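Visitor: Structure in structure tokens, see below.
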Amino acid sequence: MRTSLFSKIVLGVITLATLVFFYIPLFVVARLSFTENKSVAWPAKGWTLQWWREAWHDDGPREALTRSVSVAAWATVIALILGSFAAFALQRYSFFGKNTVSFVLVLPIALPGIVTGIALQNTFTKEVDLGLFAFEVGLGFHSLVMAHATFCVVIAYNNVIARLRRSSPNLLEASADLGATGLQTFRYVTFPLVRSALLAGGILAFALSFDEIVVTTFTSGSGYLTLPQWIYANFARPQSPAVINVVATFVMVVSIPLAYLAQRLSDGGSDAQ
């Protein structure tokens with residue numbers, strides 16, 4: 001009994017220490033967004049909304065935020081479509097090379113970002129000759145969307161196929177026995193089963209794309225800064241750290257509830273039973 005109580009206390013202390021180690025820096029950043037100091041100095045002195053007003057009226061972070069949201073939204077849509085189709089195909093059908101296809105689908109998330117970035121940059125800046133016509137993607141919005149979609153597909157695929165594996169195939173057979181068409185089965189049986197997984201995968205894919213900087217640096221081109229790039233480019237400037245703390249705090253306030261929602265949707269799965 002004493003050993004069990006001691007183990008619980010030790011595990012509780014370790015868990016608390018781990019959470020403090022992870023989250024104290026976030027509270028520090030949030031506190032520095034209200035400090036009167038222009039530089040990143042601790043302890044913070046005083047309280048002010050000056051930096052929040054400056055960030056609100058600064059076109060730089062607002063334009064970068066718009067670009068990041070736009071790229072992340074389109075990349076998420078593409079990832080959900082391709083990832084869902086791939087998950088349905090690999091879960092329901094057996095064919096030669098199935099394991100290889102599954103491995104290739106998850107490979108982009110495992111490769112170092114710099115390797116993916118260099119490979120995509122070389123692809124987008126080379127002219128593709130198809131015989132009848134030739135084209136070049138170039139670097140900019142379209143290259144960013146395609147680059148981000150390559151690793152966001154993994155998130156969507158993993159969420160959907162995990163939900164499909166937890167659902168009973170007997171439901172589809174029962175639907176067919178009752179005379180439902182393939183479209184009706186998808187609408188009334190399959191889609192409700194994977195709905196929360198799709199939403200969770202979309203949220204996580206959006207967050208991953210929004211936060212990405214390594215692949216973005218190689219595929220964005222000059223003059224097209226996303227929010228992470230803007231933060232990195234302005235951090236060393238004398239007047240910028242306080243405004244950057246404001247932007248980082250804003251991103252945290254928006255991201256944390258979304259991450260919590262995605263976690264609840266992924267772990268819930270009551271609609272998959």
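Identifiers for the structure tokens are assigned positionally: chains receive A, B, ... in sequence, residues are indexed from 1 per chain, and ligands are indexed from 1 in the order shown.
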Contacts between region 70-80 of chain A and region 186-227 of chain A, please, where a residue of region 186-227 of chain A counts if it comes within 6 Å (with only C-alpha atoms); show its shortest atom pair and distance in Å to one decimal, rows by chain and ascending number, as a tab-separated table.

Guide:
```
residue	atom	partner	partner_atom	distance
A:Gly202	CA	A:Thr76	CA	5.9
A:Ala205	CA	A:Thr76	CA	5.7
A:Phe206	CA	A:Ala72	CA	5.2
A:Ser209	CA	A:Ala72	CA	5.1
A:Phe210	CA	A:Ala72	CA	5.4
```

Visitor: Could you give me the residues within region 109-236 of chain A that DSSP places in strand (DSSP E or B), as a list in words?

Guide: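 These are the residues in question: Val128, Asp129, Ala134 and Phe135 of chain A.
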
Visitor: Please produce a file of the residues just selected, as a compact mmCIF listing (two decimals), in the first residue's frame, where the atoms kept are N, CA and C atoms.

Guide:
```
# COMPACT_ATOMS: atom_id res chain seq x y z
N VAL A 128 8.90 21.50 -66.66
CA VAL A 128 8.38 20.15 -66.95
C VAL A 128 7.93 20.09 -68.40
N ASP A 129 8.54 19.21 -69.17
CA ASP A 129 8.23 19.07 -70.59
C ASP A 129 7.37 17.83 -70.81
N ALA A 134 4.99 22.57 -72.21
CA ALA A 134 5.89 22.57 -71.05
C ALA A 134 5.42 23.64 -70.07
N PHE A 135 5.68 23.40 -68.81
CA PHE A 135 5.28 24.39 -67.80
C PHE A 135 6.23 24.33 -66.61
```

Visitor: What does the distance from CA of Phe27 (chain A) to CA of Met252 (chain A) come to in Å, to one decimal?

Guide: 10.1 Å

Visitor: Using only C-alpha atoms, which of A:Val247, A:Ala119, A:Leu82, A:Ile14 sits nearest Val160 (chain A)?

Guide: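 Counting only C-alpha atoms, the residue closest to Val160 (chain A) is A:Leu82.
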
Visitor: Tell me which protein, DNA and RNA residues are within 12 Å of region 212-214 of chain A, counting only C-alpha atoms, leaving out same-chain ones fewer than 5 positions away, and put them as a count of residues only.

Guide: 37

Visitor: Distance CA of Val104 (chain A)-CA of Leu164 (chain A), one decimal place?

Guide: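 Interatomic distance, CA of Val104 (chain A) to CA of Leu164 (chain A): 19.5 Å.
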
Visitor: Do a neighbour search on Pro43 (chain A) at 10 Å with only C-alpha atoms, toss out local chain neighbours closer than 4 positions, and write the hits as a PDB file with C-alpha atoms, in the first residue's frame.

Guide:
```pdb
ATOM      1  CA  VAL A  28       6.840  33.996 -20.203  1.00  0.00           C
ATOM      2  CA  ARG A  31       3.832  38.094 -20.058  1.00  0.00           C
ATOM      3  CA  LEU A  32       6.484  39.776 -22.219  1.00  0.00           C
ATOM      4  CA  THR A  35       5.825  44.468 -20.656  1.00  0.00           C
ATOM      5  CA  ASN A  37      10.436  46.867 -22.108  1.00  0.00           C
TER       6      ASN A  37
END
```

Visitor: What is the CA of Phe103 (chain A)-CA of Val154 (chain A) distance in Å, reported with one decimal?

Guide: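 Distance between the two atoms: 10.3 Å.
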
Visitor: With only C-alpha atoms as the atoms that count, which of A:Ile155, A:Ala44, A:Val13, A:Leu199 lies nearest to Val29 (chain A)?

Guide: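 Of the candidates, the smallest distance to Val29 (chain A) is held by A:Ala44.
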
Visitor: Which residues are close to Leu261 (chain A), i.e. within 12 Å by only C-alpha atoms, leaving aside same-chain residues fewer than 3 positions away? Reply as a list of chain:residue names.

Guide: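 After dropping sequence-adjacent residues, the list is A:Ser196, A:Ala197, A:Leu199, A:Ala200, A:Gly201, A:Gly202, A:Ile203, A:Leu204, A:Val254, A:Ser255, A:Ile256, A:Pro257, A:Leu258, A:Arg264, A:Leu265, A:Ser266, A:Asp267, A:Gly268.
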